[in-house]
Amino acid sequence: MMLGNGYASSPASRRRRGRPRGGGGSGYGFWQPQSLHHHQQQEISPVVPPCTEFDMAYFRAYSHIGVHEEMLKDRVRTETYRAAIMRYQHLISDKVVLDVGCGTGILAIFCAFAGARRVYAVDASEIAVQASEVVKENNLSDKVTVLLGRVEDVSIDEKVDVIVSEWMGYILLYELYMAPVTHADRYRESIDFWRDVYGINMSAMLPLAKQCAFEEPCIETISGENVLTWPILVKEVDCYTVTIQELESVTAKFSFSSMLRAPLHGFAFWFDVVFNGPANYSSNHHLQPPLGSLVDQQSHGSSQSKKRIKSDEGIVLSTAPEDAPTHWQQTLLYLYDPIELQQDQKIEGSVTLSQSKENARFLNIHLEYSSGGRSFVKESVMR
């Protein structure tokens with residue numbers, strides 16, 4: 001049983017402290033394989049990828065306590081995962097659990113509280129040393145074993161029933177939603193400031209200011225008031241059926257109609273994760289479906305209805321602007337120059353998210369958009 005397994009991104013840049021970009025800290029999600037042994041994993045994936053300098057830098061970033069403090073203080077995130085684990089503890093009780101990217105070990109401990117017979121908590125960063133001490137202090141050493149190393153490299157010599165991993169990163173890829181936004185305060189703070197600096201015209205700084213402020217995606221918190229239209233679903237990910245190739249490049253077309261007369265400053269991305277419990281798959285499936293599924297949203301055709309999961313369908317972790325803020329916040333792709341929109345004005349185009357060839361943890365974003373008879377292209381990299 002699994003709630004997630006995935007790839008993470010590089011450490012956060014100066015524009016954001018705390019958690020490195022991408023997933024991969026302590027993790028939550030369930031996947032229940034049938035009799036999954038270590039040697040069976042080797043048969044499925046016989047080639048172990050090398051640990052690159054990019055990987056080592058990423059793991060070192062997760063050794064900083066601030067990264068884990070930020071995630072643990074995110075009550076929406078942590079309490080949602082705990083609720084999902086306890087709701088499905090009948091799938092965990094008396095089972096062997098593997099926590100991939102255990103961080104401080106909180107998920108492993110939740111699983112122990114849920115009755116797991118044994119939990120293997122794996123992390124490639126030095127935070128595993130502290131996680132081991134946390135386990136000891138909570139008198140769980142007889143149930144939880146912390147392993148320092150990559151999950152590709154560690155060896156577990158017994159059957160694993162449940163894999164747990166919170167792998168979601170910024171701009172999840174992922175229940176990924178996208179919507180155009182207006183954010184005059186942000187633009188004023190970063191750009192308009194240069195027009196009058198203590199009475200001095202520094203407009204010559206504007207091109208550089210725009211490049212520095214908006215060249216890369218920004219991780220920020222916005223509210224529902226910033227969103228100009230219903231979002232669209234960019235991609236929906238089923239953790240049970242998704243393939244690596246399917247996520248190497250994702251393209252979605254969009255057609256928005258502004259509900260307001262306001263400047264378009266950019267596009268926001270966010271995600272929902274649904275912990276909806278296992279369902280019965282046909283006999284040709286060897287694994288149960290994941291308890292958590294991910295959805296990336298964009299409008300389809302002229303219909304721009306916002307797809308949200310009903311509360312009775314499962315536990316939902318939402319990072320939407322109108323919901324309680326999380327440490328993921330929202331990912332903003334700002335335009336260098338805003339477009340003045342009239343009410344009902346169309347914004348059309350496409351977005352492509354693809355894995356970088358420079359670094360597999362980077363995400364290339366190619367955005368094409370048009371409105372009011374003008375067309376634009378913006379390319380950016382999520383580092």
# chains A, B, ... in the order shown; residues from 1 in each chain; ligands from 1
>>> select_by_dssp(residues="range 348-377 of chain A", states="strand (DSSP E or B)", output="list of chain:residue names")
A:Glu348, A:Gly349, A:Ser350, A:Val351, A:Thr352, A:Leu353, A:Ser354, A:Gln355, A:Leu363, A:Asn364, A:Ile365, A:His366, A:Leu367, A:Glu368, A:Tyr369, A:Ser370, A:Ser371, A:Arg374, A:Ser375, A:Phe376, A:Val377
>>> residues_around(residues="range 355-370 of chain A", least_positions_apart="2", cutoff="6 Å", atoms="only C-alpha atoms", output="list in words")
Ala8, Ser9, Glu248, Ile347, Glu348, Gly349, Ser350, Val351, Thr352, Leu353, Arg374, Ser375, Phe376, Val377, Lys378, Glu379, Ser380, Val381, Met382 and Arg383 of chain A
>>> residues_around(residues="Tyr187 in chain A", least_positions_apart="2", cutoff="10 Å", atoms="only C-alpha atoms", output="VMD selection string")
chain A and resid 182 to 185 189 to 193 210 213 to 214 265 334 to 338
>>> atom_distance(atom1="CA of Asp238 in chain A", atom2="CA of Val96 in chain A")
23.5 Å
>>> atom_distance(atom1="CA of Ile222 in chain A", atom2="CA of Tyr170 in chain A")
14.3 Å
>>> atom_distance(atom1="CA of Glu322 in chain A", atom2="CA of Ser257 in chain A")
19.3 Å
>>> closest_residue(among="A:Asp344, A:Ser132, A:Met86, A:Glu126", to="Ala114 in chain A", atoms="only C-alpha atoms")
A:Met86
>>> select_by_dssp(residues="range 26-218 of chain A", states="helix (DSSP H, G or I)", output="JSON, numbers by chain")
{"A": [38, 39, 40, 41, 42, 43, 44, 53, 54, 55, 56, 57, 58, 59, 60, 61, 65, 66, 67, 68, 69, 70, 71, 72, 75, 76, 77, 78, 79, 80, 81, 82, 83, 84, 85, 86, 87, 89, 90, 91, 106, 107, 108, 109, 110, 111, 112, 113, 127, 128, 129, 130, 131, 132, 133, 134, 135, 136, 137, 184, 185, 186, 187, 188, 189, 190, 192, 193, 194, 195, 203, 204, 205, 206, 207, 208, 209, 210, 211, 212, 213, 214]}
>>> closest_residue(among="A:Gly372, A:Gly66, A:Pro49, A:Pro325", to="Gly224 in chain A", atoms="only C-alpha atoms")
A:Pro325
>>> closest_residue(among="A:Pro231, A:Gly149, A:Gly115, A:Gly199", to="Phe256 in chain A", atoms="only C-alpha atoms")
A:Pro231
>>> residues_around(residues="range 140-142 of chain A", least_positions_apart="3", cutoff="12 Å", atoms="only C-alpha atoms", output="PDB file with N, CA and C atoms, in the first residue's frame")
ATOM      1  N   GLY A 105      11.309  11.351  11.245  1.00  0.00           N
ATOM      2  CA  GLY A 105      10.724  10.077  11.634  1.00  0.00           C
ATOM      3  C   GLY A 105       9.274  10.142  12.055  1.00  0.00           C
ATOM      4  N   ILE A 106       8.629  11.290  11.833  1.00  0.00           N
ATOM      5  CA  ILE A 106       7.278  11.438  12.350  1.00  0.00           C
ATOM      6  C   ILE A 106       6.297  10.472  11.695  1.00  0.00           C
ATOM      7  N   ALA A 108       7.001   7.517  10.394  1.00  0.00           N
ATOM      8  CA  ALA A 108       7.289   6.181  10.911  1.00  0.00           C
ATOM      9  C   ALA A 108       6.661   5.993  12.295  1.00  0.00           C
ATOM     10  N   ILE A 109       6.730   7.024  13.121  1.00  0.00           N
ATOM     11  CA  ILE A 109       6.151   6.949  14.459  1.00  0.00           C
ATOM     12  C   ILE A 109       4.632   6.881  14.379  1.00  0.00           C
ATOM     13  N   PHE A 110       4.017   7.660  13.495  1.00  0.00           N
ATOM     14  CA  PHE A 110       2.571   7.558  13.307  1.00  0.00           C
ATOM     15  C   PHE A 110       2.180   6.129  12.942  1.00  0.00           C
ATOM     16  N   CYS A 111       2.967   5.512  12.057  1.00  0.00           N
ATOM     17  CA  CYS A 111       2.655   4.136  11.643  1.00  0.00           C
ATOM     18  C   CYS A 111       2.821   3.162  12.809  1.00  0.00           C
ATOM     19  N   ALA A 112       3.823   3.418  13.656  1.00  0.00           N
ATOM     20  CA  ALA A 112       3.985   2.586  14.852  1.00  0.00           C
ATOM     21  C   ALA A 112       2.780   2.742  15.769  1.00  0.00           C
ATOM     22  N   PHE A 113       2.306   3.980  15.930  1.00  0.00           N
ATOM     23  CA  PHE A 113       1.101   4.214  16.730  1.00  0.00           C
ATOM     24  C   PHE A 113      -0.115   3.508  16.126  1.00  0.00           C
ATOM     25  N   GLY A 115      -0.106   0.675  14.856  1.00  0.00           N
ATOM     26  CA  GLY A 115      -0.023  -0.761  15.085  1.00  0.00           C
ATOM     27  C   GLY A 115       0.903  -1.530  14.178  1.00  0.00           C
ATOM     28  N   ALA A 116       1.763  -0.824  13.414  1.00  0.00           N
ATOM     29  CA  ALA A 116       2.693  -1.537  12.540  1.00  0.00           C
ATOM     30  C   ALA A 116       3.579  -2.480  13.359  1.00  0.00           C
ATOM     31  N   ARG A 117       3.833  -3.632  12.795  1.00  0.00           N
ATOM     32  CA  ARG A 117       4.701  -4.596  13.494  1.00  0.00           C
ATOM     33  C   ARG A 117       6.153  -4.145  13.442  1.00  0.00           C
ATOM     34  N   ARG A 118       6.568  -3.602  12.298  1.00  0.00           N
ATOM     35  CA  ARG A 118       7.930  -3.106  12.121  1.00  0.00           C
ATOM     36  C   ARG A 118       7.906  -1.979  11.110  1.00  0.00           C
ATOM     37  N   VAL A 119       8.687  -0.930  11.376  1.00  0.00           N
ATOM     38  CA  VAL A 119       8.802   0.184  10.437  1.00  0.00           C
ATOM     39  C   VAL A 119      10.278   0.409  10.131  1.00  0.00           C
ATOM     40  N   TYR A 120      10.620   0.418   8.850  1.00  0.00           N
ATOM     41  CA  TYR A 120      11.959   0.788   8.400  1.00  0.00           C
ATOM     42  C   TYR A 120      11.893   2.216   7.882  1.00  0.00           C
ATOM     43  N   ALA A 121      12.602   3.113   8.547  1.00  0.00           N
ATOM     44  CA  ALA A 121      12.588   4.538   8.178  1.00  0.00           C
ATOM     45  C   ALA A 121      13.902   4.874   7.496  1.00  0.00           C
ATOM     46  N   ALA A 131      16.712  11.372  13.737  1.00  0.00           N
ATOM     47  CA  ALA A 131      15.490  10.556  13.711  1.00  0.00           C
ATOM     48  C   ALA A 131      15.652   9.321  14.584  1.00  0.00           C
ATOM     49  N   SER A 132      16.835   8.724  14.550  1.00  0.00           N
ATOM     50  CA  SER A 132      17.095   7.550  15.369  1.00  0.00           C
ATOM     51  C   SER A 132      16.990   7.883  16.851  1.00  0.00           C
ATOM     52  N   GLU A 133      17.474   9.068  17.234  1.00  0.00           N
ATOM     53  CA  GLU A 133      17.386   9.491  18.634  1.00  0.00           C
ATOM     54  C   GLU A 133      15.925   9.762  19.032  1.00  0.00           C
ATOM     55  N   VAL A 134      15.165  10.335  18.097  1.00  0.00           N
ATOM     56  CA  VAL A 134      13.742  10.584  18.370  1.00  0.00           C
ATOM     57  C   VAL A 134      13.020   9.266  18.629  1.00  0.00           C
ATOM     58  N   VAL A 135      13.330   8.267  17.837  1.00  0.00           N
ATOM     59  CA  VAL A 135      12.718   6.949  18.020  1.00  0.00           C
ATOM     60  C   VAL A 135      13.054   6.392  19.402  1.00  0.00           C
ATOM     61  N   LYS A 136      14.315   6.514  19.789  1.00  0.00           N
ATOM     62  CA  LYS A 136      14.728   6.009  21.102  1.00  0.00           C
ATOM     63  C   LYS A 136      14.003   6.744  22.228  1.00  0.00           C
ATOM     64  N   GLU A 137      13.918   8.072  22.109  1.00  0.00           N
ATOM     65  CA  GLU A 137      13.287   8.859  23.165  1.00  0.00           C
ATOM     66  C   GLU A 137      11.815   8.523  23.336  1.00  0.00           C
ATOM     67  N   THR A 145      13.138   1.029  12.914  1.00  0.00           N
ATOM     68  CA  THR A 145      14.559   0.983  12.590  1.00  0.00           C
ATOM     69  C   THR A 145      14.872   2.073  11.581  1.00  0.00           C
ATOM     70  N   VAL A 146      15.800   2.964  11.918  1.00  0.00           N
ATOM     71  CA  VAL A 146      16.169   4.063  11.029  1.00  0.00           C
ATOM     72  C   VAL A 146      17.415   3.669  10.249  1.00  0.00           C
TER      73      VAL A 146
END
